[in-house]
Every structure is written in C-alpha cells, then in structure tokens.
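Source file final_14.txt; content: compact mmCIF, C-alpha atoms and all ligand atoms.
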# COMPACT_ATOMS: atom_id res chain seq x y z
CA MET J 31 -18.12 -0.07 7.59
CA ILE J 32 -16.62 2.12 4.85
CA PHE J 33 -13.24 3.64 5.66
CA SER J 34 -12.56 7.20 4.56
CA ASP J 35 -8.80 6.64 4.54
CA LEU J 36 -5.94 4.66 6.02
CA ARG J 37 -5.94 6.75 9.20
CA HIS J 38 -9.58 5.87 9.75
CA TYR J 39 -8.71 2.18 9.34
CA ILE J 40 -5.78 2.47 11.78
CA SER J 41 -7.91 4.19 14.44
CA THR J 42 -10.58 1.49 14.02
CA LEU J 43 -7.94 -1.22 14.53
CA GLU J 44 -6.86 0.58 17.69
CA GLU J 45 -10.45 0.65 18.99
CA LEU J 46 -10.81 -3.07 18.26
CA ASP J 47 -7.52 -3.85 20.05
CA GLN J 48 -6.10 -5.15 16.76
CA LEU J 49 -3.09 -2.82 16.68
CA LYS J 50 0.32 -2.77 18.33
CA VAL J 51 2.35 0.45 18.11
CA ILE J 52 6.13 0.12 18.23
CA GLU J 53 8.49 3.08 18.48
CA GLY J 54 12.21 3.21 17.76
CA ALA J 55 12.64 0.12 15.55
CA SER J 56 15.29 -0.04 12.85
CA CYS J 57 14.58 -0.47 9.14
CA ASN J 58 17.50 -2.87 9.00
CA LEU J 59 15.85 -6.29 9.61
CA GLU J 60 14.18 -5.28 12.90
CA ILE J 61 10.86 -4.14 11.42
CA GLY J 62 10.80 -7.30 9.31
CA ALA J 63 11.53 -9.55 12.28
CA ILE J 64 8.96 -7.89 14.57
CA THR J 65 6.35 -8.10 11.80
CA GLU J 66 7.04 -11.81 11.37
CA ILE J 67 6.84 -12.51 15.12
CA ALA J 68 3.57 -10.55 15.38
CA ALA J 69 2.11 -12.47 12.43
CA PHE J 70 2.71 -15.81 14.16
CA ARG J 71 1.29 -14.70 17.52
CA LYS J 72 -2.16 -16.02 18.32
CA LYS J 73 -3.52 -12.49 18.55
CA CYS J 74 -1.68 -11.55 15.32
CA PRO J 75 -1.89 -7.77 15.70
CA ALA J 76 -1.38 -5.24 12.91
CA VAL J 77 1.82 -3.35 13.75
CA LEU J 78 2.32 0.39 13.38
CA PHE J 79 5.98 1.43 13.50
CA ASP J 80 6.58 5.05 14.46
CA SER J 81 9.65 7.11 15.40
CA ILE J 82 11.63 4.73 13.22
CA GLN J 83 15.39 5.02 13.74
CA GLY J 84 16.75 7.86 11.58
CA PHE J 85 13.28 9.31 10.90
CA GLU J 86 11.08 11.92 12.55
CA LYS J 87 7.99 10.76 14.39
CA GLY J 88 5.19 10.48 11.85
CA TYR J 89 7.06 8.62 9.10
CA ARG J 90 5.17 5.46 9.87
CA ILE J 91 5.01 1.93 8.51
CA LEU J 92 1.94 -0.28 8.95
CA THR J 93 2.40 -4.04 8.67
CA ASN J 94 0.17 -7.10 9.12
CA PHE J 95 -2.75 -4.88 8.26
CA LEU J 96 -4.77 -7.71 6.70
CA SER J 97 -3.27 -10.74 8.37
CA ASN J 98 -6.22 -12.15 10.27
CA ARG J 99 -9.85 -12.96 9.60
CA THR J 100 -11.27 -9.98 11.51
CA ARG J 101 -9.17 -7.46 9.58
CA GLU J 102 -9.85 -9.10 6.22
CA ARG J 103 -13.56 -8.97 6.94
CA LEU J 104 -13.28 -5.33 8.05
CA VAL J 105 -11.48 -4.25 4.88
CA PHE J 106 -13.92 -6.03 2.58
CA GLY J 107 -16.94 -4.82 4.54
CA VAL J 108 -18.08 -8.36 5.31
CA SER J 109 -19.69 -9.29 8.63
CA ASN J 110 -17.75 -11.61 10.93
CA ASP J 111 -20.99 -13.56 11.35
CA LEU J 112 -20.91 -14.89 7.77
CA THR J 113 -19.23 -18.19 6.99
CA ASP J 114 -16.46 -18.10 4.37
CA PRO J 115 -18.72 -19.36 1.52
CA GLU J 116 -21.40 -16.82 2.56
CA ALA J 117 -18.77 -14.07 2.49
CA VAL J 118 -17.80 -15.05 -1.08
CA PHE J 119 -21.46 -14.95 -2.20
CA HIS J 120 -21.88 -11.61 -0.45
CA TRP J 121 -19.02 -10.18 -2.56
CA LYS J 122 -20.21 -11.84 -5.74
CA ASN J 123 -23.58 -10.09 -5.34
CA LYS J 124 -21.99 -6.81 -4.31
CA LEU J 125 -19.87 -6.75 -7.47
CA LYS J 126 -23.02 -7.09 -9.61
CA GLU J 127 -24.17 -3.71 -8.26
CA PHE J 128 -20.78 -2.06 -8.59
CA VAL J 129 -20.96 1.38 -10.17
CA PRO J 130 -17.58 3.07 -10.75
CA VAL J 131 -17.28 6.63 -9.47
CA GLU J 132 -16.61 9.08 -12.29
CA PRO J 133 -13.38 11.04 -11.79
CA VAL J 134 -13.67 14.78 -11.05
CA GLU J 135 -10.89 17.08 -12.26
CA VAL J 136 -9.89 19.79 -9.77
CA GLN J 137 -7.44 22.69 -9.82
CA ASN J 138 -4.43 22.56 -7.43
CA PRO J 139 -5.19 19.23 -5.74
CA PRO J 140 -3.42 18.51 -2.40
CA VAL J 141 -1.63 15.62 -4.12
CA LYS J 142 0.43 18.23 -5.99
CA GLU J 143 1.54 20.12 -2.87
CA ASN J 144 4.98 18.54 -3.07
CA VAL J 145 6.49 18.07 -6.49
CA LEU J 146 10.06 16.84 -6.95
CA LEU J 147 11.37 16.04 -10.40
CA GLY J 148 14.36 14.18 -11.87
CA SER J 149 17.47 14.18 -9.70
CA ASP J 150 15.62 16.06 -6.91
CA VAL J 151 13.54 12.95 -6.26
CA ASP J 152 14.81 11.40 -3.04
CA LEU J 153 13.04 8.21 -2.05
CA MET J 154 15.31 7.91 0.98
CA ARG J 155 13.11 10.51 2.69
CA PHE J 156 10.87 7.58 3.48
CA PRO J 157 11.72 4.55 5.62
CA TRP J 158 12.44 1.50 3.43
CA PRO J 159 12.73 -1.68 5.49
CA LYS J 160 15.09 -4.48 4.62
CA TRP J 161 12.73 -7.29 5.64
CA HIS J 162 14.91 -10.42 5.47
CA GLN J 163 18.61 -11.07 5.78
CA ARG J 164 19.02 -12.30 2.20
CA ASP J 165 16.82 -9.69 0.50
CA GLY J 166 18.77 -7.93 -2.22
CA SER J 167 17.54 -4.53 -1.12
CA PRO J 168 14.76 -2.86 0.87
CA TYR J 169 11.17 -3.20 -0.38
CA ILE J 170 7.90 -1.34 0.03
CA CYS J 171 4.73 -3.32 -0.65
CA ALA J 172 1.02 -2.91 -1.02
CA THR J 173 0.89 0.14 -3.23
CA SER J 174 -1.93 1.25 -5.49
CA SER J 175 -0.27 1.19 -8.90
CA VAL J 176 -2.14 2.69 -11.83
CA THR J 177 -1.34 1.97 -15.46
CA ARG J 178 -3.20 2.57 -18.73
CA ASP J 179 -3.39 -0.03 -21.48
CA PRO J 180 -1.85 1.71 -24.54
CA GLU J 181 -4.22 -0.08 -26.94
CA SER J 182 -7.63 -0.01 -25.26
CA GLY J 183 -7.12 2.92 -22.85
CA PHE J 184 -8.28 0.63 -20.00
CA VAL J 185 -7.06 1.94 -16.64
CA ASN J 186 -5.80 -0.72 -14.26
CA VAL J 187 -5.01 -0.66 -10.54
CA GLY J 188 -2.91 -3.38 -8.90
CA SER J 189 -0.92 -3.77 -5.72
CA TYR J 190 2.74 -4.67 -6.22
CA ARG J 191 5.99 -4.42 -4.31
CA PHE J 192 8.86 -2.16 -5.18
CA MET J 193 12.56 -2.70 -4.63
CA LEU J 194 14.76 0.29 -3.89
CA LEU J 195 17.68 0.51 -6.29
CA GLY J 196 18.82 4.07 -5.58
CA LYS J 197 17.81 7.54 -4.47
CA ASN J 198 15.44 7.96 -7.42
CA LYS J 199 15.27 4.46 -8.82
CA ILE J 200 12.93 1.57 -8.00
CA VAL J 201 11.81 -1.58 -9.78
CA ALA J 202 8.34 -3.17 -9.56
CA HIS J 203 7.84 -6.86 -8.96
CA ILE J 204 4.74 -7.86 -10.93
CA GLY J 205 3.82 -11.49 -11.36
CA SER J 206 3.83 -12.65 -14.96
CA GLY J 207 0.33 -12.44 -16.43
CA HIS J 208 -0.98 -9.85 -13.97
CA HIS J 209 -2.64 -6.98 -15.83
CA GLY J 210 0.09 -4.57 -14.72
CA ASP J 211 2.66 -6.88 -16.30
CA VAL J 212 0.72 -7.36 -19.54
CA ILE J 213 0.26 -3.58 -19.84
CA ARG J 214 3.88 -2.63 -19.18
CA LYS J 215 5.07 -5.21 -21.71
CA LYS J 216 2.88 -3.62 -24.41
CA TYR J 217 4.80 -0.34 -23.95
CA TRP J 218 8.15 -2.12 -23.88
CA ALA J 219 7.31 -4.01 -27.09
CA LYS J 220 7.06 -0.60 -28.78
CA GLY J 221 10.38 0.48 -27.26
CA LYS J 222 8.60 2.93 -24.89
CA PRO J 223 8.73 3.30 -21.11
CA CYS J 224 5.50 2.44 -19.31
CA PRO J 225 3.95 5.50 -17.60
CA TRP J 226 3.13 4.70 -13.99
CA ARG J 227 1.30 6.30 -11.05
CA PHE J 228 1.41 4.88 -7.57
CA SER J 229 0.56 5.90 -4.06
CA TRP J 230 2.14 4.83 -0.83
CA GLY J 231 -0.28 5.17 2.03
CA LYS J 232 -2.54 8.15 2.43
CA SER J 233 -2.14 11.28 4.42
CA ARG J 234 -4.09 14.46 4.83
CA ARG J 235 -0.95 16.40 5.74
CA SER J 236 2.11 16.57 3.57
CA TRP J 237 5.61 15.87 4.77
CA SER J 238 7.47 18.98 3.72
CA ARG J 239 5.12 21.90 4.31
CA ARG J 240 3.20 20.84 7.35
CA GLY J 241 5.28 18.08 8.85
CA PRO J 242 5.20 14.32 8.38
CA ILE J 243 2.08 12.12 8.25
C1 LIG J 301 -0.61 -6.49 0.12
C2 LIG J 301 -0.49 -7.03 -1.27
C3 LIG J 301 0.75 -7.08 -1.90
C4 LIG J 301 0.88 -7.62 -3.18
N1 LIG J 301 2.10 -7.65 -3.79
C5 LIG J 301 2.20 -8.10 -5.07
C6 LIG J 301 3.44 -8.05 -5.77
O1 LIG J 301 4.47 -7.66 -5.25
N2 LIG J 301 3.48 -8.47 -7.05
C7 LIG J 301 2.36 -8.95 -7.68
O2 LIG J 301 2.45 -9.32 -8.85
N3 LIG J 301 1.16 -9.04 -7.04
C8 LIG J 301 1.06 -8.61 -5.76
N4 LIG J 301 -0.14 -8.64 -5.11
C9 LIG J 301 -1.28 -9.27 -5.77
C10 LIG J 301 -1.86 -8.36 -6.84
O3 LIG J 301 -2.09 -7.05 -6.37
C11 LIG J 301 -3.20 -8.93 -7.29
O4 LIG J 301 -3.00 -10.20 -7.82
C12 LIG J 301 -3.87 -8.04 -8.29
O5 LIG J 301 -5.13 -8.59 -8.62
C13 LIG J 301 -3.04 -7.90 -9.54
O6 LIG J 301 -3.67 -6.95 -10.34
P1 LIG J 301 -3.50 -6.92 -11.89
O7 LIG J 301 -3.86 -8.29 -12.46
O8 LIG J 301 -4.48 -5.86 -12.28
O9 LIG J 301 -2.08 -6.55 -12.21
C14 LIG J 301 -0.27 -8.10 -3.84
C15 LIG J 301 -1.53 -8.02 -3.21
C16 LIG J 301 -1.63 -7.50 -1.94
C17 LIG J 301 -2.99 -7.43 -1.29
As structure tokens, what does this structure read like?
Ligand SMILES: Cc1cc2nc3c(=O)[nH]c(=O)nc-3n(C[C@H](O)[C@H](O)[C@H](O)COP(=O)(O)O)c2cc1C
Amino acid sequence: MIFSDLRHYISTLEELDQLKVIEGASCNLEIGAITEIAAFRKKCPAVLFDSIQGFEKGYRILTNFLSNRTRERLVFGVSNDLTDPEAVFHWKNKLKEFVPVEPVEVQNPPVKENVLLGSDVDLMRFPWPKWHQRDGSPYICATSSVTRDPESGFVNVGSYRFMLLGKNKIVAHIGSGHHGDVIRKKYWAKGKPCPWRFSWGKSRRSWSRRGPI
C-alpha cells in the first residue's frame, strides 16, 4: 500500500484497529506518559492526541506510529507474510529499482499559504509536549529535515528531534556522523549558518486561513 499522506496513514490505522484516540491530554508530561504506557501494552496502539489542553481541536499529535511490526511493515510497504530476512531482501531489491521523482516548480504552492518571518514566528501555536520529567524542554520528533551539502550540492533528508528554546528558537539533535550533522558542520566551519527546511506532519488545510489540521 502506498500512502498519499499522513491522514491516509492515520485512517488506515483506524481501519486496522491500530489507533487509539485520546482527547483532552496535557502537553506537560501526560502525553509522554500515555505514549509510554501504550507502547508497553501488548496491543501497542498508535496514539492520536486531539483537543489537547490549551489548543483547539485539530492541533493533533500522533505517537507510537511505527512501534509495532504491523505498522513498520505497513510504512515500508512490506507484506506481513514475509519473514524478517525476506523483508530485508525485499527492500534491498526495491532500492535497486529506485528512481527519484524530479521536482516540479509551481507558482503559489499551498505550502506558502502561511508565511511568518522573524519575530512574528511563534512556534507556541503548536503543541510541544514535555515527554519526561527531567527533559530540559519540550521536544518534537520525527521531522523531515532537508539540508544541502555546500560543496557537492547533494540534498539530504533526515529525521531528527527538535528542542524548543523559545517562541522562535529551536535546536536540532543530530547524532554525530549523520549526514545532517556532517552537512551543518561544513557551513559552520566557514562561519555560516546552515540553511534548513523541515516539515512537521502534513495537512491539506492550513491552520490560520481555514482552521487547524
Ligand atoms: C522517528 C525517528 C526519529 C529520529 N530522531 C533522530 C534524532 O533525533 N536525531 C538523530 O540524529 N537521528 C534520529 N533519527 C534517525 C535518523 O533519522 C536516521 O539515522 C537517518 O538515516 C539520519 O539521516 P542522515 O544520515 O541523512 O542525517 C530518527 C529516526 C526516526 C525514524
């Protein structure tokens, strides 16, 4: 199965009874604790938090979205009938046929419907959970982070977590040696900031003009 977007994946999880929806949880430790409890349950459901305290319905957080065999197989498009080694071979062969999709440039893309710059940027519009008692700050994980190698022009995508430092300030945790880390250090070595693009989730509707996702 190929998913058209995150909503498609969520509705599939619902159909497969792999999803638990929880309304009214708090970003302060509660979402983290519920996620942890769900992860250790035998059924281990993905959890979709909605109507989070302090936020309108629609500002949602999805957790445990990969945390069991069925969901991992779903995401990677691998049949549940294959053994683990067979699944690895399946992917090895699939990658041999991989053909990247050429980008298409369009005028006025939906992604530019909401543009906030500089001090107008307010990351607090989104729910940021503090997951564990001793975390230094709230984090958001599992982003698609895009960087460009300043020497070769190679475009890289990795998934990293971000720590909230302020209304318009975050810091990325990237393991040493990951491509994203190697690339950002090349900019820093030249005394330059590393340009960065990342997406959090995916929505067809935007939050300010037509309501939340
Ligand atoms: C849900 C999820 C969260 C992740 N979070 C991080 C992270 O916070 N930091 C990190 O270095 N890698 C993280 N990873 C692993 C990297 O995305 C992965 O190793 C990737 O291949 C790194 O890409 P890169 O070598 O192109 O930088 C995460 C992966 C997943 C699936």
All residues within 8 Å of ligand LIG 301 (chain J) are required, counting all atoms listed in the file; please report them as a PyMOL selection string. chain J and resi 96+171-173+186-192+202-212
Please provide the set of residues having any atom within 8 Å of Asn58 in chain J, restricted to all atoms listed in the file, with same-chain residues fewer than 3 positions apart removed, written as a list in words.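 Those residues are Ile61, Pro159, Lys160 and Trp161 of chain J.
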What's the 10 Å shell around Asn94 in chain J, counting only C-alpha atoms, without same-chain residues fewer than 6 positions away, as a list in words?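 Everything that qualifies: Leu49, Thr65, Glu66, Ala68, Ala69, Cys74, Pro75, Ala76, Val77, Leu78 and Arg101 of chain J.
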Could you save those same residues with C-alpha atoms as a tab-separated table (two decimals), in the frame of the given file?
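Printed below is part.tsv as written:
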chain	number	residue	atom	x	y	z
J	49	LEU	CA	-3.09	-2.82	16.68
J	65	THR	CA	6.35	-8.10	11.80
J	66	GLU	CA	7.04	-11.81	11.37
J	68	ALA	CA	3.57	-10.55	15.38
J	69	ALA	CA	2.11	-12.47	12.43
J	74	CYS	CA	-1.68	-11.55	15.32
J	75	PRO	CA	-1.89	-7.77	15.70
J	76	ALA	CA	-1.38	-5.24	12.91
J	77	VAL	CA	1.82	-3.35	13.75
J	78	LEU	CA	2.32	0.39	13.38
J	101	ARG	CA	-9.17	-7.46	9.58
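Among the candidates J:Cys57, J:Cys224, J:Val118, J:Val134, the residue lying nearest to Met154 in chain J is J:Cys57 (atoms considered: all atoms listed in the file).
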Using all atoms listed in the file: which of J:Val129, J:Ile52, J:Leu104, J:Met193 has the shortest distance to Asp165 in chain J: J:Met193
Report, in Å with one decimal, the straight-line distance from CA of Ser56 in chain J to CA of Arg164 in chain J. 16.7 Å
From the list J:Arg227, J:Ala63, J:Ala219, J:Arg90, which residue is nearest His162 in chain J when using all atoms listed in the file?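 Closest residue, counting all atoms listed in the file: J:Ala63.
Separating CA of Thr113 in chain J from CA of Lys50 in chain J is a distance of 27.4 Å.
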To one decimal in Å, tell me the separation between CA of Trp158 in chain J and CA of Leu146 in chain J.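 Value for the CA of Trp158 in chain J-CA of Leu146 in chain J distance: 18.7 Å.
Of the residues listed (J:Phe70, J:Leu112, J:Lys199, J:Glu53), J:Lys199 shows the shortest atom-to-atom separation from Gly148 in chain J; distances use only C-alpha atoms.
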Which of these, J:Pro180, J:Leu195, J:Val145, J:Arg103, has the shortest distance to Pro223 in chain J once you count all atoms listed in the file? J:Pro180
